[in-house]
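Engineer: What follows is protein_10.csv; its format and atoms are CSV, C-alpha atoms.
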chain,number,residue,atom,x,y,z
K,1,MET,CA,-51.3,-10.5,-81.9
K,2,SER,CA,-48.2,-12.7,-81.3
K,3,GLN,CA,-47.0,-15.2,-83.9
K,4,THR,CA,-48.9,-17.9,-81.9
K,5,GLY,CA,-52.1,-16.0,-82.3
K,6,ARG,CA,-52.4,-15.0,-78.7
K,7,SER,CA,-52.8,-11.4,-77.7
K,8,GLU,CA,-49.8,-9.8,-76.1
K,9,ARG,CA,-49.9,-7.2,-73.4
K,10,GLU,CA,-48.3,-4.0,-74.5
K,11,LEU,CA,-47.0,-0.7,-73.2
K,12,THR,CA,-47.3,2.7,-74.8
K,13,VAL,CA,-43.9,4.4,-74.8
K,14,GLU,CA,-43.3,8.0,-75.8
K,15,VAL,CA,-39.7,8.6,-76.7
K,16,TRP,CA,-38.1,12.0,-77.4
K,17,ARG,CA,-36.7,12.1,-80.9
K,18,GLY,CA,-34.5,14.8,-82.4
K,19,GLY,CA,-32.6,17.6,-80.8
K,20,ALA,CA,-33.8,20.4,-78.5
K,21,GLU,CA,-36.6,21.2,-80.9
K,22,GLY,CA,-37.6,17.6,-81.4
K,23,ARG,CA,-40.8,15.9,-80.3
K,24,PHE,CA,-42.1,12.7,-78.7
K,25,GLU,CA,-42.8,9.7,-80.9
K,26,ARG,CA,-45.2,7.0,-79.7
K,27,TYR,CA,-44.4,3.3,-79.8
K,28,ARG,CA,-46.1,0.1,-78.8
K,29,VAL,CA,-43.7,-2.2,-76.9
K,30,PRO,CA,-44.4,-5.7,-75.5
K,31,ALA,CA,-44.7,-5.9,-71.7
K,32,ARG,CA,-42.4,-8.4,-70.0
K,33,GLU,CA,-41.9,-9.5,-66.5
K,34,ASN,CA,-39.0,-7.9,-64.7
K,35,GLN,CA,-38.6,-5.3,-67.4
K,36,SER,CA,-36.4,-2.2,-66.9
K,37,VAL,CA,-36.9,1.1,-68.7
K,38,LEU,CA,-33.6,0.6,-70.4
K,39,ASP,CA,-35.0,-2.7,-71.8
K,40,LEU,CA,-37.9,-0.8,-73.3
K,41,VAL,CA,-35.5,1.8,-75.0
K,42,THR,CA,-33.3,-1.1,-76.3
K,43,TRP,CA,-36.4,-2.9,-77.7
K,44,VAL,CA,-37.5,0.2,-79.5
K,45,GLN,CA,-34.0,0.7,-81.0
K,46,ARG,CA,-33.6,-2.9,-82.0
K,47,HIS,CA,-37.1,-3.5,-83.5
K,48,LEU,CA,-38.6,-0.1,-84.5
K,49,GLU,CA,-36.1,2.7,-84.6
K,50,PRO,CA,-32.5,1.6,-85.5
K,51,ALA,CA,-31.3,5.2,-85.5
K,52,LEU,CA,-32.5,5.9,-81.9
K,53,ALA,CA,-29.6,7.5,-80.0
K,54,TYR,CA,-29.1,6.7,-76.3
K,55,ARG,CA,-26.3,5.8,-73.9
K,56,PHE,CA,-25.8,2.8,-71.7
K,57,ALA,CA,-22.8,0.6,-70.6
K,58,CYS,CA,-22.9,-1.6,-67.5
K,59,ARG,CA,-26.7,-2.2,-67.2
K,60,VAL,CA,-26.3,-2.9,-63.5
K,61,GLY,CA,-26.2,0.5,-61.9
K,62,MET,CA,-22.5,1.0,-61.8
K,63,CYS,CA,-21.7,3.6,-64.5
K,64,GLY,CA,-24.8,5.9,-64.5
K,65,SER,CA,-24.5,6.5,-68.3
K,66,CYS,CA,-28.1,5.3,-68.9
K,67,ALA,CA,-29.7,8.2,-66.9
K,68,MET,CA,-32.8,9.7,-68.6
K,69,THR,CA,-36.0,11.4,-67.7
K,70,VAL,CA,-38.8,8.9,-67.1
K,71,ASN,CA,-42.3,10.3,-66.6
K,72,GLY,CA,-40.8,13.6,-65.6
K,73,ARG,CA,-38.2,12.3,-63.1
K,74,PRO,CA,-34.5,11.8,-63.7
K,75,ARG,CA,-33.5,8.1,-63.2
K,76,TRP,CA,-31.1,5.4,-64.0
K,77,THR,CA,-33.1,3.5,-66.5
K,78,CYS,CA,-31.2,0.2,-66.0
K,79,ARG,CA,-32.4,0.1,-62.4
K,80,THR,CA,-35.9,1.4,-62.9
K,81,HIS,CA,-38.5,-1.4,-63.1
K,82,VAL,CA,-41.3,-0.6,-65.5
K,83,GLY,CA,-43.8,-1.7,-62.9
K,84,GLN,CA,-42.6,1.0,-60.6
K,85,VAL,CA,-43.1,3.9,-63.0
K,86,ALA,CA,-45.6,3.0,-65.7
K,87,LYS,CA,-48.9,4.9,-65.3
K,88,GLY,CA,-51.8,3.1,-66.9
K,89,GLY,CA,-49.3,1.2,-69.1
K,90,ARG,CA,-47.7,4.4,-70.4
K,91,LEU,CA,-44.2,5.8,-70.1
K,92,LYS,CA,-42.7,9.0,-71.4
K,93,ILE,CA,-38.9,8.9,-71.8
K,94,ALA,CA,-36.8,12.0,-72.5
K,95,PRO,CA,-33.2,13.1,-72.2
K,96,LEU,CA,-31.9,14.4,-68.9
K,97,GLY,CA,-32.9,18.0,-68.1
K,98,ASN,CA,-30.6,21.0,-67.6
K,99,LEU,CA,-28.2,19.7,-70.2
K,100,PRO,CA,-27.9,20.4,-74.0
K,101,VAL,CA,-29.5,17.7,-76.1
K,102,ILE,CA,-27.3,16.2,-78.8
K,103,ARG,CA,-29.9,13.9,-80.3
K,104,ASP,CA,-32.8,11.8,-79.0
K,105,LEU,CA,-32.0,10.6,-75.5
K,106,VAL,CA,-28.3,11.7,-75.6
K,107,THR,CA,-27.2,14.9,-73.8
K,108,ASP,CA,-24.0,16.8,-74.0
K,109,MET,CA,-22.1,16.3,-70.7
K,110,THR,CA,-19.5,18.9,-71.5
K,111,PRO,CA,-21.1,21.7,-69.3
K,112,PHE,CA,-21.4,19.2,-66.4
K,113,PHE,CA,-17.7,18.3,-66.4
K,114,GLU,CA,-16.6,21.9,-67.1
K,115,LYS,CA,-18.3,22.8,-63.8
K,116,TRP,CA,-16.2,20.2,-62.0
K,117,GLN,CA,-13.2,22.0,-63.4
K,118,ARG,CA,-14.5,25.4,-62.3
K,119,ALA,CA,-15.1,24.0,-58.8
K,120,ARG,CA,-11.5,22.7,-58.7
K,121,GLY,CA,-12.8,19.1,-58.4
K,122,ARG,CA,-9.4,17.6,-58.9
K,123,PHE,CA,-7.2,16.3,-56.1
K,124,SER,CA,-4.1,18.5,-55.5
K,125,PRO,CA,-1.5,16.3,-53.8
K,126,THR,CA,0.8,17.6,-51.1
K,127,ARG,CA,3.3,14.7,-51.3
K,128,THR,CA,5.3,13.0,-54.1
K,129,ARG,CA,5.7,9.3,-54.7
K,130,GLU,CA,9.1,9.6,-52.9
K,131,ASP,CA,7.3,10.6,-49.7
K,132,GLU,CA,5.8,8.3,-47.1
K,133,PRO,CA,2.0,7.8,-47.6
K,134,ALA,CA,-0.1,10.2,-45.6
K,135,ALA,CA,-1.7,8.7,-42.5
K,136,VAL,CA,-5.5,9.4,-42.5
K,137,ASP,CA,-7.6,8.6,-39.5
K,138,PRO,CA,-10.7,6.9,-41.0
K,139,GLY,CA,-12.7,7.8,-38.0
K,140,SER,CA,-12.0,11.6,-38.1
K,141,LYS,CA,-14.8,14.0,-38.6
K,142,ALA,CA,-13.3,15.3,-41.9
K,143,ARG,CA,-12.7,11.8,-43.3
K,144,ARG,CA,-16.3,10.8,-42.5
K,145,ALA,CA,-17.5,14.0,-44.2
K,146,ALA,CA,-15.5,13.1,-47.3
K,147,ASP,CA,-16.7,9.5,-47.3
K,148,ALA,CA,-20.3,10.6,-47.2
K,149,GLY,CA,-20.1,12.1,-50.7
K,150,ILE,CA,-17.2,10.3,-52.4
K,151,GLU,CA,-19.3,7.6,-54.1
K,152,CYS,CA,-20.6,10.0,-56.8
K,153,ILE,CA,-20.3,8.4,-60.2
K,154,ASN,CA,-21.1,11.5,-62.4
K,155,CYS,CA,-24.4,10.4,-63.7
K,156,ALA,CA,-25.8,14.0,-63.6
K,157,VAL,CA,-29.2,13.0,-62.2
K,158,CYS,CA,-28.8,15.6,-59.5
K,159,THR,CA,-28.0,18.3,-62.0
K,160,ALA,CA,-31.1,17.3,-64.0
K,161,ALA,CA,-33.2,17.5,-60.8
K,162,CYS,CA,-31.8,20.9,-59.6
K,163,ASP,CA,-34.1,23.9,-59.8
K,164,VAL,CA,-31.2,26.3,-59.4
K,165,VAL,CA,-29.4,24.9,-62.4
K,166,ARG,CA,-32.7,25.3,-64.4
K,167,TRP,CA,-32.9,29.0,-63.3
K,168,ASN,CA,-29.2,29.7,-63.6
K,169,PRO,CA,-27.3,27.6,-66.0
K,170,ASP,CA,-24.0,29.0,-64.7
K,171,TYR,CA,-24.6,27.6,-61.2
K,172,LEU,CA,-21.9,25.0,-60.5
K,173,GLY,CA,-24.5,22.5,-59.4
K,174,PRO,CA,-24.8,19.7,-56.8
K,175,ALA,CA,-22.3,17.2,-58.3
K,176,ALA,CA,-19.4,19.7,-58.7
K,177,LEU,CA,-20.0,21.2,-55.3
K,178,ASN,CA,-20.3,17.8,-53.6
K,179,ARG,CA,-17.0,16.8,-55.2
K,180,ALA,CA,-15.4,20.1,-53.9
K,181,TRP,CA,-16.7,19.3,-50.4
K,182,THR,CA,-15.1,15.8,-50.4
K,183,LEU,CA,-11.7,17.4,-51.3
K,184,ILE,CA,-12.1,20.2,-48.7
K,185,ASN,CA,-12.3,17.4,-46.1
K,186,ASP,CA,-9.4,15.4,-47.5
K,187,ALA,CA,-6.4,15.9,-45.3
K,188,ARG,CA,-4.0,15.0,-48.1
K,189,ASP,CA,-5.2,17.8,-50.5
K,190,GLY,CA,-3.4,21.1,-50.7
K,191,ALA,CA,-5.8,23.4,-52.5
K,192,ARG,CA,-8.3,24.2,-49.8
K,193,ALA,CA,-8.1,28.0,-50.1
K,194,ALA,CA,-8.2,28.1,-53.9
K,195,ARG,CA,-11.1,25.6,-53.9
K,196,LEU,CA,-13.1,27.6,-51.4
K,197,ALA,CA,-12.6,30.7,-53.5
K,198,ALA,CA,-13.8,28.8,-56.6
K,199,VAL,CA,-17.0,27.5,-55.0
K,200,SER,CA,-18.0,30.7,-53.2
K,201,GLY,CA,-18.3,33.0,-56.2
K,202,ALA,CA,-21.3,34.4,-58.0
K,203,ALA,CA,-22.4,30.9,-59.3
K,204,GLY,CA,-21.2,28.9,-56.4
K,205,CYS,CA,-22.5,27.2,-53.2
K,206,HIS,CA,-24.4,30.3,-51.8
K,207,ASN,CA,-26.8,30.1,-54.7
K,208,CYS,CA,-28.2,26.8,-53.4
K,209,HIS,CA,-31.8,27.1,-52.1
K,210,SER,CA,-31.6,23.8,-50.2
K,211,HIS,CA,-34.7,22.4,-52.0
K,212,GLN,CA,-33.1,18.9,-51.5
K,213,GLY,CA,-34.0,17.8,-55.1
K,214,CYS,CA,-30.5,16.5,-55.6
K,215,ALA,CA,-30.6,14.4,-52.4
K,216,GLU,CA,-34.1,13.1,-53.2
K,217,HIS,CA,-33.1,11.9,-56.7
K,218,CYS,CA,-29.5,10.7,-56.2
K,219,PRO,CA,-29.4,7.0,-57.1
K,220,MET,CA,-26.4,6.5,-54.8
K,221,GLY,CA,-28.2,7.9,-51.8
K,222,LEU,CA,-25.9,10.8,-51.4
K,223,ASN,CA,-26.9,14.2,-50.0
K,224,PRO,CA,-25.2,17.0,-52.0
K,225,THR,CA,-27.4,19.5,-50.2
K,226,ALA,CA,-25.5,18.7,-47.0
K,227,ALA,CA,-22.2,19.0,-48.8
K,228,ILE,CA,-23.2,22.4,-50.1
K,229,ALA,CA,-24.2,23.5,-46.7
K,230,GLY,CA,-20.8,22.5,-45.5
K,231,LEU,CA,-19.2,24.6,-48.2
K,232,LYS,CA,-21.3,27.6,-47.2
K,233,ARG,CA,-20.1,27.3,-43.6
K,234,ALA,CA,-16.4,26.7,-44.6
K,235,SER,CA,-16.4,29.6,-47.0
K,236,LEU,CA,-18.0,32.0,-44.5
K,237,ILE,CA,-15.4,31.0,-41.8
K,238,ALA,CA,-12.6,31.5,-44.3
K,239,LEU,CA,-13.9,34.9,-45.2
K,240,LEU,CA,-14.2,36.0,-41.5
K,241,LYS,CA,-10.6,34.8,-41.0
K,242,GLY,CA,-9.4,36.9,-44.0
K,243,GLU,CA,-8.5,33.8,-46.0
K,244,LEU,CA,-10.9,34.8,-48.9
K,245,SER,CA,-10.8,38.2,-50.6
Starting from the file, give its structure as structure tokens.
Structural biologist:
Amino acid sequence: MSQTGRSERELTVEVWRGGAEGRFERYRVPARENQSVLDLVTWVQRHLEPALAYRFACRVGMCGSCAMTVNGRPRWTCRTHVGQVAKGGRLKIAPLGNLPVIRDLVTDMTPFFEKWQRARGRFSPTRTREDEPAAVDPGSKARRAADAGIECINCAVCTAACDVVRWNPDYLGPAALNRAWTLINDARDGARAARLAAVSGAAGCHNCHSHQGCAEHCPMGLNPTAAIAGLKRASLIALLKGELS
């Protein structure tokens, strides 16, 4: 009952507590109009469980830090309306899959970013600040391919949705490979050969089964599966030309 004596509609929310060997705890949370899943988690933390650990920053779908597993699906919780996902007034909220759990809803992102490093996901310039800026044709095929994947914000939703990462934790994963593909198509970058060698190894692009889970779940609407297919073609061509050992 509310303080005014009127009954209040509630949601049953199960939230993961503890580390990898933790368990779900059940809470009753007031239902509100235009309520996001992040709102529910915040309400639990502020009113019921002050020690509940979770991440968020912008609340408007710009940073991706609030990504969690909601009813079995990785999502940005700030942009997920409760009315879209609640089943019979119930929600189950867990940390992102395929990443180590630190505590509660917080995962360790270290393996995710280490895979970016292994995939040589950093830009390797070919000019210095003393040189004239490189002229890049925005309508070129390579530039369009780079633009198609460049809006990744590192939320790790695709990694959480990837079956191959689940089967093989060493697999570089869709985010790191998508980043590599954008750089392969950047005319200003000078590490093409080294990057192709990095992404075509034992845990690289050729492990992708093209299940499209990453594309289906990406909140930015990107298609890492297409980027990985591009890497497969590029690495095979480089091998046939003798550019890869």
Engineer: In terms of the shortest atom-to-atom distance over all atoms listed in the file, which of K:Gln35, K:Leu105, K:Ala57, K:Leu48 is closest to K:His81?
Structural biologist: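 The closest residue to K:His81 is K:Gln35.
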Engineer: I'd like the neighbourhood of K:Met62 as a list in words, where a residue qualifies if any of its atoms comes within 10 Å (using all atoms listed in the file), though same-chain residues fewer than 6 positions away should be ignored.
Structural biologist: Trp76, Cys78, Arg79, Ile153, Cys155 and Met220 of chain K
Engineer: Identify which of the residues K:Thr69, K:Thr159, K:Thr107, K:Thr12 lies closest to K:Ala53, counting only C-alpha atoms when measuring atom-to-atom distances.
Structural biologist: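 With only C-alpha atoms as the atom set, the closest residue is K:Thr107.
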Engineer: To one decimal in Å, tell me the separation between atom CA of K:Ser200 and atom CA of K:Asp108.
Structural biologist: 25.7 Å
Engineer: Could you check which of K:Cys208, K:Ala193, K:Met68, K:Val136 is closest to K:Val41, using all atoms listed in the file?
Structural biologist: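 When distances to K:Val41 are compared using all atoms listed in the file, the smallest one comes from K:Met68.
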Engineer: What's the separation between atom CA of K:Asn154 and atom CA of K:Arg73, in Å to one decimal place?
Structural biologist: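 Atom-to-atom, atom CA of K:Asn154 to atom CA of K:Arg73, that is 17.1 Å.
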Engineer: Which distance in Å separates atom CA of K:Cys58 and atom CA of K:Ser36, to one decimal?
Structural biologist: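 Computed distance, atom CA of K:Cys58 to atom CA of K:Ser36, equals 13.5 Å.
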Engineer: Excluding K:Ala187 and its own-chain neighbours fewer than 4 positions away, which residues fall within 10 Å of it when counting only C-alpha atoms? Please give them as a ChimeraX atom specification.
Structural biologist: /K:125-126,134-137,142-143,146,183,192
Engineer: Please produce a file of the residues just selected, as a PDB file, in the frame of the given file, where the atoms kept are C-alpha atoms.
Structural biologist:
ATOM      1  CA  PRO K 125      -1.500  16.300 -53.800  1.00  0.00           C
ATOM      2  CA  THR K 126       0.800  17.600 -51.100  1.00  0.00           C
ATOM      3  CA  ALA K 134      -0.100  10.200 -45.600  1.00  0.00           C
ATOM      4  CA  ALA K 135      -1.700   8.700 -42.500  1.00  0.00           C
ATOM      5  CA  VAL K 136      -5.500   9.400 -42.500  1.00  0.00           C
ATOM      6  CA  ASP K 137      -7.600   8.600 -39.500  1.00  0.00           C
ATOM      7  CA  ALA K 142     -13.300  15.300 -41.900  1.00  0.00           C
ATOM      8  CA  ARG K 143     -12.700  11.800 -43.300  1.00  0.00           C
ATOM      9  CA  ALA K 146     -15.500  13.100 -47.300  1.00  0.00           C
ATOM     10  CA  LEU K 183     -11.700  17.400 -51.300  1.00  0.00           C
ATOM     11  CA  ARG K 192      -8.300  24.200 -49.800  1.00  0.00           C
TER      12      ARG K 192
END
Engineer: Between K:Leu244, K:Val165, K:Ala145, K:Ala94, which one has atoms that come closest to K:Gly230, using all atoms listed in the file?
Structural biologist: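 Using all atoms listed in the file, the shortest distance to K:Gly230 belongs to K:Ala145.
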Engineer: Is it possible to get the residues within 7 Å of (-29.3, 6.2, -73.0) (coordinates as in the file, counting all atoms listed in the file) written as a list in words?
Structural biologist: Tyr54, Arg55, Phe56, Ser65, Cys66, Ala67, Met68, Leu105 and Val106 of chain K
